[in-house]
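**Q** Below is the file model_4.pdb, which contains PDB, C-alpha atoms and all ligand atoms.
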ATOM      1  CA  MET W   1      10.687 -34.660 -15.971  1.00  0.00           C
ATOM      2  CA  LYS W   2       7.834 -34.217 -13.544  1.00  0.00           C
ATOM      3  CA  GLY W   3      10.273 -33.350 -10.811  1.00  0.00           C
ATOM      4  CA  ARG W   4      11.858 -30.629 -12.908  1.00  0.00           C
ATOM      5  CA  TYR W   5       8.480 -28.965 -13.560  1.00  0.00           C
ATOM      6  CA  LEU W   6       7.724 -29.110  -9.872  1.00  0.00           C
ATOM      7  CA  LEU W   7      11.058 -27.444  -9.105  1.00  0.00           C
ATOM      8  CA  ALA W   8      10.388 -24.682 -11.652  1.00  0.00           C
ATOM      9  CA  PHE W   9       6.952 -24.184 -10.190  1.00  0.00           C
ATOM     10  CA  MET W  10       8.343 -23.981  -6.677  1.00  0.00           C
ATOM     11  CA  CYS W  11      10.923 -21.405  -7.813  1.00  0.00           C
ATOM     12  CA  LEU W  12       8.104 -19.290  -9.241  1.00  0.00           C
ATOM     13  CA  MET W  13       6.176 -19.643  -6.000  1.00  0.00           C
ATOM     14  CA  THR W  14       9.222 -18.611  -4.003  1.00  0.00           C
ATOM     15  CA  GLN W  15       9.698 -15.563  -6.214  1.00  0.00           C
ATOM     16  CA  SER W  16       6.127 -14.421  -5.832  1.00  0.00           C
ATOM     17  CA  LEU W  17       6.349 -15.043  -2.096  1.00  0.00           C
ATOM     18  CA  ARG W  18       9.524 -12.966  -1.984  1.00  0.00           C
ATOM     19  CA  ALA W  19       7.656 -10.156  -3.717  1.00  0.00           C
ATOM     20  CA  GLN W  20       5.254  -9.777  -0.831  1.00  0.00           C
ATOM     21  CA  LEU W  21       7.188 -10.661   2.327  1.00  0.00           C
ATOM     22  CA  THR W  22      10.126  -9.036   4.041  1.00  0.00           C
ATOM     23  CA  ASP W  23      13.462 -10.854   4.263  1.00  0.00           C
ATOM     24  CA  GLU W  24      12.961 -11.209   7.985  1.00  0.00           C
ATOM     25  CA  VAL W  25       9.566 -12.841   7.541  1.00  0.00           C
ATOM     26  CA  ILE W  26      10.970 -15.199   4.881  1.00  0.00           C
ATOM     27  CA  ARG W  27      13.857 -16.130   7.186  1.00  0.00           C
ATOM     28  CA  ASN W  28      11.426 -16.847   9.960  1.00  0.00           C
ATOM     29  CA  LEU W  29       9.183 -18.897   7.676  1.00  0.00           C
ATOM     30  CA  LYS W  30      12.134 -20.968   6.473  1.00  0.00           C
ATOM     31  CA  GLY W  31      13.284 -21.526  10.021  1.00  0.00           C
ATOM     32  CA  GLY W  32       9.771 -22.393  11.113  1.00  0.00           C
ATOM     33  CA  ASN W  33       9.909 -19.582  13.649  1.00  0.00           C
ATOM     34  CA  LEU W  34       6.790 -17.773  12.513  1.00  0.00           C
ATOM     35  CA  LYS W  35       4.155 -19.544  14.546  1.00  0.00           C
ATOM     36  CA  GLU W  36       1.494 -16.908  14.342  1.00  0.00           C
ATOM     37  CA  ASP W  37       1.190 -13.594  12.540  1.00  0.00           C
ATOM     38  CA  LYS W  38      -0.225 -11.159  15.065  1.00  0.00           C
ATOM     39  CA  SER W  39       0.234  -8.066  12.926  1.00  0.00           C
ATOM     40  CA  PHE W  40      -2.672  -5.677  12.530  1.00  0.00           C
ATOM     41  CA  VAL W  41      -5.269  -6.468   9.864  1.00  0.00           C
ATOM     42  CA  TYR W  42      -5.716  -3.462   7.561  1.00  0.00           C
ATOM     43  CA  GLN W  43      -8.765  -2.582   5.521  1.00  0.00           C
ATOM     44  CA  LEU W  44      -8.170  -1.975   1.808  1.00  0.00           C
ATOM     45  CA  PRO W  45      -7.653   1.794   1.428  1.00  0.00           C
ATOM     46  CA  TYR W  46     -10.734   2.565  -0.662  1.00  0.00           C
ATOM     47  CA  ALA W  47     -14.527   2.566  -0.479  1.00  0.00           C
ATOM     48  CA  LYS W  48     -16.378  -0.602   0.495  1.00  0.00           C
ATOM     49  CA  GLY W  49     -17.496  -2.526  -2.592  1.00  0.00           C
ATOM     50  CA  SER W  50     -15.005  -0.891  -4.960  1.00  0.00           C
ATOM     51  CA  LYS W  51     -12.201  -3.026  -6.385  1.00  0.00           C
ATOM     52  CA  PHE W  52      -8.855  -2.094  -7.869  1.00  0.00           C
ATOM     53  CA  LEU W  53      -5.887  -3.758  -9.508  1.00  0.00           C
ATOM     54  CA  LEU W  54      -2.680  -3.948  -7.501  1.00  0.00           C
ATOM     55  CA  ILE W  55      -0.016  -2.940 -10.015  1.00  0.00           C
ATOM     56  CA  GLN W  56       3.091  -2.961  -7.835  1.00  0.00           C
ATOM     57  CA  ALA W  57       3.687  -4.598  -4.495  1.00  0.00           C
ATOM     58  CA  TYR W  58       6.662  -5.038  -2.213  1.00  0.00           C
ATOM     59  CA  ASN W  59      10.129  -4.639  -3.723  1.00  0.00           C
ATOM     60  CA  SER W  60       8.773  -4.351  -7.251  1.00  0.00           C
ATOM     61  CA  LYS W  61      11.400  -3.580  -9.898  1.00  0.00           C
ATOM     62  CA  MET W  62       9.427  -0.714 -11.498  1.00  0.00           C
ATOM     63  CA  SER W  63       9.735   1.890  -8.760  1.00  0.00           C
ATOM     64  CA  HIS W  64       9.464   0.062  -5.456  1.00  0.00           C
ATOM     65  CA  GLN W  65      12.912  -1.509  -5.315  1.00  0.00           C
ATOM     66  CA  GLY W  66      13.889  -1.909  -1.681  1.00  0.00           C
ATOM     67  CA  GLU W  67      10.555  -0.499  -0.658  1.00  0.00           C
ATOM     68  CA  LEU W  68       7.523  -2.115   0.925  1.00  0.00           C
ATOM     69  CA  SER W  69       4.668  -0.217  -0.652  1.00  0.00           C
ATOM     70  CA  LEU W  70       1.589  -0.872  -2.728  1.00  0.00           C
ATOM     71  CA  ASP W  71       0.317   0.822  -5.922  1.00  0.00           C
ATOM     72  CA  PHE W  72      -3.367   0.462  -6.698  1.00  0.00           C
ATOM     73  CA  LYS W  73      -4.279   1.570 -10.219  1.00  0.00           C
ATOM     74  CA  MET W  74      -7.395   3.729  -9.989  1.00  0.00           C
ATOM     75  CA  LYS W  75      -9.045   6.435 -12.013  1.00  0.00           C
ATOM     76  CA  LYS W  76      -8.824   9.975 -10.676  1.00  0.00           C
ATOM     77  CA  GLY W  77     -11.466  10.858  -8.121  1.00  0.00           C
ATOM     78  CA  SER W  78     -11.796   7.394  -6.558  1.00  0.00           C
ATOM     79  CA  THR W  79     -12.597   7.576  -2.846  1.00  0.00           C
ATOM     80  CA  ILE W  80      -9.670   6.799  -0.545  1.00  0.00           C
ATOM     81  CA  CYS W  81     -10.444   5.446   2.924  1.00  0.00           C
ATOM     82  CA  ALA W  82      -8.276   5.059   6.018  1.00  0.00           C
ATOM     83  CA  ALA W  83      -6.814   1.558   6.114  1.00  0.00           C
ATOM     84  CA  ARG W  84      -6.391   1.902   9.876  1.00  0.00           C
ATOM     85  CA  ALA W  85      -7.474   4.437  12.512  1.00  0.00           C
ATOM     86  CA  GLY W  86      -5.175   7.250  13.610  1.00  0.00           C
ATOM     87  CA  ILE W  87      -4.419  10.959  13.708  1.00  0.00           C
ATOM     88  CA  VAL W  88      -3.690  13.031  10.600  1.00  0.00           C
ATOM     89  CA  ILE W  89      -0.138  14.436  10.888  1.00  0.00           C
ATOM     90  CA  ALA W  90       0.417  15.831   7.365  1.00  0.00           C
ATOM     91  CA  THR W  91      -1.533  16.690   4.251  1.00  0.00           C
ATOM     92  CA  LYS W  92      -0.877  18.328   0.884  1.00  0.00           C
ATOM     93  CA  ALA W  93      -3.632  19.073  -1.624  1.00  0.00           C
ATOM     94  CA  ASP W  94      -2.492  22.089  -3.679  1.00  0.00           C
ATOM     95  CA  SER W  95      -0.602  20.324  -6.479  1.00  0.00           C
ATOM     96  CA  ASP W  96      -2.056  19.797  -9.926  1.00  0.00           C
ATOM     97  CA  VAL W  97       0.996  18.325 -11.679  1.00  0.00           C
ATOM     98  CA  GLY W  98       2.401  14.836 -12.037  1.00  0.00           C
ATOM     99  CA  GLY W  99       4.672  12.705 -14.189  1.00  0.00           C
ATOM    100  CA  LEU W 100       7.989  10.887 -14.234  1.00  0.00           C
ATOM    101  CA  LYS W 101      10.200  13.944 -13.792  1.00  0.00           C
ATOM    102  CA  ASP W 102      12.371  14.619 -10.756  1.00  0.00           C
ATOM    103  CA  GLU W 103      10.827  18.070 -10.418  1.00  0.00           C
ATOM    104  CA  TYR W 104       7.525  16.360  -9.561  1.00  0.00           C
ATOM    105  CA  LEU W 105       8.952  14.417  -6.612  1.00  0.00           C
ATOM    106  CA  SER W 106       7.766  17.052  -4.145  1.00  0.00           C
ATOM    107  CA  GLU W 107       4.484  17.680  -5.975  1.00  0.00           C
ATOM    108  CA  GLY W 108       2.543  14.663  -4.758  1.00  0.00           C
ATOM    109  CA  ASN W 109      -0.624  15.438  -2.819  1.00  0.00           C
ATOM    110  CA  HIS W 110      -0.850  13.147   0.175  1.00  0.00           C
ATOM    111  CA  ILE W 111      -2.230  12.301   3.592  1.00  0.00           C
ATOM    112  CA  ILE W 112      -0.059  10.897   6.383  1.00  0.00           C
ATOM    113  CA  ILE W 113      -1.749   9.291   9.359  1.00  0.00           C
ATOM    114  CA  GLU W 114      -0.074   8.315  12.603  1.00  0.00           C
ATOM    115  CA  GLN W 115      -1.688   5.032  13.589  1.00  0.00           C
ATOM    116  CA  GLU W 116      -2.534   3.654  17.011  1.00  0.00           C
ATOM    117  CA  ASP W 117       0.769   1.803  17.383  1.00  0.00           C
ATOM    118  CA  GLY W 118       2.913   4.798  16.389  1.00  0.00           C
ATOM    119  CA  SER W 119       3.451   3.646  12.795  1.00  0.00           C
ATOM    120  CA  THR W 120       2.538   5.996   9.948  1.00  0.00           C
ATOM    121  CA  ALA W 121       0.432   5.267   6.872  1.00  0.00           C
ATOM    122  CA  MET W 122       0.945   7.308   3.706  1.00  0.00           C
ATOM    123  CA  TYR W 123      -1.585   7.827   0.923  1.00  0.00           C
ATOM    124  CA  TRP W 124       0.046   9.451  -2.149  1.00  0.00           C
ATOM    125  CA  HIS W 125      -0.755  11.065  -5.527  1.00  0.00           C
ATOM    126  CA  LEU W 126      -4.184  12.426  -4.520  1.00  0.00           C
ATOM    127  CA  GLN W 127      -5.994  14.799  -6.857  1.00  0.00           C
ATOM    128  CA  LYS W 128      -5.936  18.572  -6.419  1.00  0.00           C
ATOM    129  CA  ASN W 129      -8.078  19.558  -3.416  1.00  0.00           C
ATOM    130  CA  GLY W 130      -8.631  15.823  -2.922  1.00  0.00           C
ATOM    131  CA  VAL W 131      -8.004  15.810   0.840  1.00  0.00           C
ATOM    132  CA  LEU W 132     -11.052  15.565   3.126  1.00  0.00           C
ATOM    133  CA  VAL W 133      -9.186  15.693   6.463  1.00  0.00           C
ATOM    134  CA  LYS W 134      -6.884  18.177   8.162  1.00  0.00           C
ATOM    135  CA  MET W 135      -3.900  18.031  10.504  1.00  0.00           C
ATOM    136  CA  GLY W 136      -4.884  16.789  13.950  1.00  0.00           C
ATOM    137  CA  ASP W 137      -8.083  15.092  12.812  1.00  0.00           C
ATOM    138  CA  SER W 138      -8.801  11.728  14.342  1.00  0.00           C
ATOM    139  CA  VAL W 139      -9.898   9.252  11.671  1.00  0.00           C
ATOM    140  CA  LYS W 140     -11.605   5.893  11.977  1.00  0.00           C
ATOM    141  CA  GLN W 141     -10.706   2.798   9.984  1.00  0.00           C
ATOM    142  CA  GLY W 142     -12.705   2.891   6.740  1.00  0.00           C
ATOM    143  CA  GLN W 143     -13.448   6.625   6.940  1.00  0.00           C
ATOM    144  CA  ALA W 144     -13.316   8.464   3.595  1.00  0.00           C
ATOM    145  CA  ILE W 145     -10.221  10.718   3.731  1.00  0.00           C
ATOM    146  CA  GLY W 146      -9.640  11.847   0.143  1.00  0.00           C
ATOM    147  CA  TYR W 147      -9.754  11.300  -3.616  1.00  0.00           C
ATOM    148  CA  SER W 148      -7.148   9.598  -5.764  1.00  0.00           C
ATOM    149  CA  GLY W 149      -5.294  11.380  -8.539  1.00  0.00           C
ATOM    150  CA  ASN W 150      -2.043  11.505 -10.450  1.00  0.00           C
ATOM    151  CA  THR W 151       0.049  14.187  -8.710  1.00  0.00           C
ATOM    152  CA  GLY W 152       3.751  13.990  -7.973  1.00  0.00           C
ATOM    153  CA  TYR W 153       6.187  11.381  -9.273  1.00  0.00           C
ATOM    154  CA  THR W 154       3.778   9.028 -10.996  1.00  0.00           C
ATOM    155  CA  ALA W 155       3.322   7.379 -14.387  1.00  0.00           C
ATOM    156  CA  PHE W 156      -0.448   6.843 -14.265  1.00  0.00           C
ATOM    157  CA  PRO W 157      -3.361   7.574 -11.906  1.00  0.00           C
ATOM    158  CA  HIS W 158      -2.950   5.407  -8.821  1.00  0.00           C
ATOM    159  CA  LEU W 159      -2.833   5.294  -5.044  1.00  0.00           C
ATOM    160  CA  HIS W 160       0.557   4.631  -3.451  1.00  0.00           C
ATOM    161  CA  PHE W 161       0.050   3.181   0.038  1.00  0.00           C
ATOM    162  CA  GLN W 162       2.952   2.688   2.426  1.00  0.00           C
ATOM    163  CA  VAL W 163       3.318   2.063   6.167  1.00  0.00           C
ATOM    164  CA  GLN W 164       6.456   2.796   8.195  1.00  0.00           C
ATOM    165  CA  ASP W 165       7.410   2.207  11.809  1.00  0.00           C
ATOM    166  CA  LYS W 166       8.614   4.975  14.149  1.00  0.00           C
ATOM    167  CA  GLU W 167      12.179   4.631  12.838  1.00  0.00           C
ATOM    168  CA  GLY W 168      11.066   5.061   9.232  1.00  0.00           C
ATOM    169  CA  HIS W 169      11.405   1.406   8.224  1.00  0.00           C
ATOM    170  CA  ASP W 170       8.765   0.072   5.849  1.00  0.00           C
ATOM    171  CA  LEU W 171       6.327  -2.449   7.258  1.00  0.00           C
ATOM    172  CA  ALA W 172       4.559  -5.210   5.349  1.00  0.00           C
ATOM    173  CA  THR W 173       0.839  -5.015   6.041  1.00  0.00           C
ATOM    174  CA  ARG W 174      -1.854  -7.620   5.642  1.00  0.00           C
ATOM    175  CA  PHE W 175      -5.415  -6.914   4.623  1.00  0.00           C
ATOM    176  CA  ASN W 176      -8.899  -8.241   5.036  1.00  0.00           C
ATOM    177  CA  THR W 177      -9.921  -9.629   1.616  1.00  0.00           C
ATOM    178  CA  LYS W 178     -12.785 -11.820   0.439  1.00  0.00           C
ATOM    179  CA  ASN W 179     -10.363 -14.750   0.487  1.00  0.00           C
ATOM    180  CA  GLY W 180      -9.381 -14.065   4.076  1.00  0.00           C
ATOM    181  CA  ILE W 181      -6.521 -12.131   5.617  1.00  0.00           C
ATOM    182  CA  ARG W 182      -3.783 -11.728   3.013  1.00  0.00           C
ATOM    183  CA  TYR W 183      -0.539 -10.009   2.099  1.00  0.00           C
ATOM    184  CA  LEU W 184      -1.369  -8.633  -1.349  1.00  0.00           C
ATOM    185  CA  ARG W 185       0.098  -9.796  -4.645  1.00  0.00           C
ATOM    186  CA  PRO W 186       0.665  -7.689  -7.755  1.00  0.00           C
ATOM    187  CA  GLY W 187      -1.533  -8.364 -10.785  1.00  0.00           C
ATOM    188  CA  LYS W 188      -4.576  -9.138  -8.649  1.00  0.00           C
ATOM    189  CA  TRP W 189      -7.807  -7.254  -8.113  1.00  0.00           C
ATOM    190  CA  TYR W 190      -8.910  -6.606  -4.553  1.00  0.00           C
ATOM    191  CA  ARG W 191     -12.396  -5.573  -3.515  1.00  0.00           C
ATOM    192  CA  ALA W 192     -12.785  -3.617  -0.277  1.00  0.00           C
ATOM    193  CA  LEU W 193     -15.134  -5.338   2.160  1.00  0.00           C
TER     194      LEU W 193
HETATM  195 ZN    ZN W 201       4.203   3.574  -5.656  1.00  0.00          ZN
END
The structure in this file should be written as structure tokens.

**A**
Amino acid sequence: MKGRYLLAFMCLMTQSLRAQLTDEVIRNLKGGNLKEDKSFVYQLPYAKGSKFLLIQAYNSKMSHQGELSLDFKMKKGSTICAARAGIVIATKADSDVGGLKDEYLSEGNHIIIEQEDGSTAMYWHLQKNGVLVKMGDSVKQGQAIGYSGNTGYTAFPHLHFQVQDKEGHDLATRFNTKNGIRYLRPGKWYRAL
């Protein structure tokens, strides 16, 4: 009986692990090939001291299927900070509409930052006029860049954060948290340090 509970528990663990890691990382973990994670350590994308609930993480069924991105639930007007340094390559701040309609897909205010290694970080659903940077600006890690909102294809006020490599493939990112360096899990609160 004990063994069966343990098995069920391990299945649950595997599922939650799957939710936060890419297939490649899982393969490497299983094969014992992942000796050391040397990936960049991101800062949580909001103001130091503030904490938010991670609603959706990697590959979530709700709207992140096949996507490595993170949704932090936050009330409109929360300060968004650069998770990593880079150059601003796109912004949109003129939209004031949002909801779960296809016509809102192109209505999301956002900031896209090209990071030091050529990857891009995207910050979505910002409030109207909620962008503090402009194209070509160089931003530091932790710098305030905008204010959260509920514009574009979105069901509730939140920040959608996503990082892609040069080829447009999503990248899993790990963050500095009070419990150490972590890949984030849905249903947990994370305070920016
Ligand atoms: Zn999202």

**Q** Counting only C-alpha atoms, which residues in region 76-143 of chain W sit no more than 10 Å from region 41-56 of chain W? For each one, give the nearest pair of atoms and the distance in Å, sorted by chain then residue number, as a tab-separated table.

**A**
residue	atom	partner	partner_atom	distance
W:Ser78	CA	W:Tyr46	CA	7.7
W:Thr79	CA	W:Tyr46	CA	5.8
W:Ile80	CA	W:Tyr46	CA	4.4
W:Cys81	CA	W:Tyr46	CA	4.6
W:Ala82	CA	W:Pro45	CA	5.7
W:Ala83	CA	W:Gln43	CA	4.6
W:Arg84	CA	W:Tyr42	CA	5.9
W:Ala85	CA	W:Tyr42	CA	9.5
W:Tyr123	CA	W:Pro45	CA	8.6
W:Gln141	CA	W:Gln43	CA	7.3
W:Gly142	CA	W:Gln43	CA	6.9
W:Gln143	CA	W:Ala47	CA	8.5

**Q** Go ahead and save the picked residues with C-alpha atoms, as a short mmCIF file (atom, residue, chain, number, x, y, z; two decimals), keeping the file's coordinate frame.

**A**
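Now in again.cif:
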data_model
loop_
_atom_site.label_atom_id
_atom_site.label_comp_id
_atom_site.auth_asym_id
_atom_site.auth_seq_id
_atom_site.Cartn_x
_atom_site.Cartn_y
_atom_site.Cartn_z
CA SER W 78 -11.80 7.39 -6.56
CA THR W 79 -12.60 7.58 -2.85
CA ILE W 80 -9.67 6.80 -0.55
CA CYS W 81 -10.44 5.45 2.92
CA ALA W 82 -8.28 5.06 6.02
CA ALA W 83 -6.81 1.56 6.11
CA ARG W 84 -6.39 1.90 9.88
CA ALA W 85 -7.47 4.44 12.51
CA TYR W 123 -1.58 7.83 0.92
CA GLN W 141 -10.71 2.80 9.98
CA GLY W 142 -12.70 2.89 6.74
CA GLN W 143 -13.45 6.62 6.94
#

**Q** If you apply the PyMOL selection byres (((chain W and resi 94-104) around 10) and not hetatm) to this file, what residues do you get, as a VMD selection string?

**A** chain W and resid 91 to 93 105 to 110 125 to 131 149 to 157

**Q** Around all listed atoms of region 101-104 of chain W, padded 6 Å per side, what centre and edge lengths does the axis-aligned box have in Å to one decimal, as JSON?

**A**
{"center_x": 9.9, "center_y": 16.0, "center_z": -11.7, "size_x": 16.8, "size_y": 16.1, "size_z": 16.2}

**Q** Kindly provide, as an MDAnalysis selection string, all nucleotide and amino acid residues lying within 7 Å of ligand ZN 201 (chain W), counting only C-alpha atoms and all ligand atoms.

**A** chainID W and resid 56 63:64 69:71 160

**Q** Report the distance between CA of Leu193 (chain W) and CA of Thr177 (chain W) in Å, rounded to one decimal place.

**A**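 Computing it gives 6.8 Å between the two atoms.
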
**Q** What does the distance between CA of Ile113 (chain W) and CA of Arg185 (chain W) come to in Å, to one decimal place?

**A**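 Going from CA of Ile113 (chain W) over to CA of Arg185 (chain W), I get 23.7 Å.
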
**Q** Show which residues sit within 9 Å of Ser60 (chain W), as a list in words. Count only C-alpha atoms, and ignore same-chain residues fewer than 5 positions away.

**A** Ala19, Gln65, Gly66, Glu67, Leu68, Ser69 and Pro186 of chain W

**Q** What does the distance from CA of Met135 (chain W) to CA of Val88 (chain W) come to in Å, to one decimal?

**A**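 CA of Val88 (chain W) lies at a distance of 5.0 Å from CA of Met135 (chain W).
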
**Q** For Asp137 (chain W), which residue among W:Ala90, W:Glu167, W:Met62, W:Tyr190 is the nearest when counting all atoms listed in the file?

**A**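 Smallest distance to Asp137 (chain W) is found for W:Ala90.
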
**Q** Name the residues that the PyMOL selection byres (((chain W and resi 87) around 10) and not hetatm) pulls out of this structure, and write them as a PDB file with C-alpha atoms, keeping the file's coordinate frame.

**A**
ATOM      1  CA  ALA W  85      -7.474   4.437  12.512  1.00  0.00           C
ATOM      2  CA  GLY W  86      -5.175   7.250  13.610  1.00  0.00           C
ATOM      3  CA  VAL W  88      -3.690  13.031  10.600  1.00  0.00           C
ATOM      4  CA  ILE W  89      -0.138  14.436  10.888  1.00  0.00           C
ATOM      5  CA  ALA W  90       0.417  15.831   7.365  1.00  0.00           C
ATOM      6  CA  ILE W 112      -0.059  10.897   6.383  1.00  0.00           C
ATOM      7  CA  ILE W 113      -1.749   9.291   9.359  1.00  0.00           C
ATOM      8  CA  GLU W 114      -0.074   8.315  12.603  1.00  0.00           C
ATOM      9  CA  GLN W 115      -1.688   5.032  13.589  1.00  0.00           C
ATOM     10  CA  GLU W 116      -2.534   3.654  17.011  1.00  0.00           C
ATOM     11  CA  GLY W 118       2.913   4.798  16.389  1.00  0.00           C
ATOM     12  CA  THR W 120       2.538   5.996   9.948  1.00  0.00           C
ATOM     13  CA  VAL W 133      -9.186  15.693   6.463  1.00  0.00           C
ATOM     14  CA  LYS W 134      -6.884  18.177   8.162  1.00  0.00           C
ATOM     15  CA  MET W 135      -3.900  18.031  10.504  1.00  0.00           C
ATOM     16  CA  GLY W 136      -4.884  16.789  13.950  1.00  0.00           C
ATOM     17  CA  ASP W 137      -8.083  15.092  12.812  1.00  0.00           C
ATOM     18  CA  SER W 138      -8.801  11.728  14.342  1.00  0.00           C
ATOM     19  CA  VAL W 139      -9.898   9.252  11.671  1.00  0.00           C
ATOM     20  CA  LYS W 140     -11.605   5.893  11.977  1.00  0.00           C
TER      21      LYS W 140
END

**Q** For Gly146 (chain W), which residue among W:Glu24, W:Val163, W:Phe40, W:Gly77 is the nearest when counting only C-alpha atoms?

**A**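 Of W:Glu24, W:Val163, W:Phe40, W:Gly77, the one nearest Gly146 (chain W), counting only C-alpha atoms, is W:Gly77.
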
**Q** When you get a chance, write out N, CA and C atoms for region 80-91 of chain W, as a PDB file, in the coordinates of the input.

**A**
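selection.pdb, freshly written:
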ATOM      1  N   ILE W  80     -10.703   7.453  -1.358  1.00  0.00           N
ATOM      2  CA  ILE W  80      -9.670   6.799  -0.545  1.00  0.00           C
ATOM      3  C   ILE W  80     -10.156   6.763   0.902  1.00  0.00           C
ATOM      4  N   CYS W  81      -9.995   5.603   1.537  1.00  0.00           N
ATOM      5  CA  CYS W  81     -10.444   5.446   2.924  1.00  0.00           C
ATOM      6  C   CYS W  81      -9.270   5.039   3.807  1.00  0.00           C
ATOM      7  N   ALA W  82      -9.353   5.401   5.077  1.00  0.00           N
ATOM      8  CA  ALA W  82      -8.276   5.059   6.018  1.00  0.00           C
ATOM      9  C   ALA W  82      -8.208   3.543   6.179  1.00  0.00           C
ATOM     10  N   ALA W  83      -7.013   3.001   5.987  1.00  0.00           N
ATOM     11  CA  ALA W  83      -6.814   1.558   6.114  1.00  0.00           C
ATOM     12  C   ALA W  83      -6.756   1.136   7.581  1.00  0.00           C
ATOM     13  N   ARG W  84      -6.476   2.137   8.427  1.00  0.00           N
ATOM     14  CA  ARG W  84      -6.391   1.902   9.876  1.00  0.00           C
ATOM     15  C   ARG W  84      -6.643   3.243  10.572  1.00  0.00           C
ATOM     16  N   ALA W  85      -7.173   3.204  11.776  1.00  0.00           N
ATOM     17  CA  ALA W  85      -7.474   4.437  12.512  1.00  0.00           C
ATOM     18  C   ALA W  85      -6.201   5.163  12.918  1.00  0.00           C
ATOM     19  N   GLY W  86      -6.323   6.472  13.150  1.00  0.00           N
ATOM     20  CA  GLY W  86      -5.175   7.250  13.610  1.00  0.00           C
ATOM     21  C   GLY W  86      -5.445   8.737  13.594  1.00  0.00           C
ATOM     22  N   ILE W  87      -4.348   9.499  13.682  1.00  0.00           N
ATOM     23  CA  ILE W  87      -4.419  10.959  13.708  1.00  0.00           C
ATOM     24  C   ILE W  87      -3.690  11.495  12.474  1.00  0.00           C
ATOM     25  N   VAL W  88      -4.310  12.435  11.797  1.00  0.00           N
ATOM     26  CA  VAL W  88      -3.690  13.031  10.600  1.00  0.00           C
ATOM     27  C   VAL W  88      -2.516  13.917  11.024  1.00  0.00           C
ATOM     28  N   ILE W  89      -1.307  13.630  10.500  1.00  0.00           N
ATOM     29  CA  ILE W  89      -0.138  14.436  10.888  1.00  0.00           C
ATOM     30  C   ILE W  89       0.415  15.251   9.723  1.00  0.00           C
ATOM     31  N   ALA W  90      -0.031  15.012   8.497  1.00  0.00           N
ATOM     32  CA  ALA W  90       0.417  15.831   7.365  1.00  0.00           C
ATOM     33  C   ALA W  90      -0.550  15.671   6.207  1.00  0.00           C
ATOM     34  N   THR W  91      -0.744  16.772   5.482  1.00  0.00           N
ATOM     35  CA  THR W  91      -1.533  16.690   4.251  1.00  0.00           C
ATOM     36  C   THR W  91      -0.947  17.664   3.227  1.00  0.00           C
TER      37      THR W  91
END
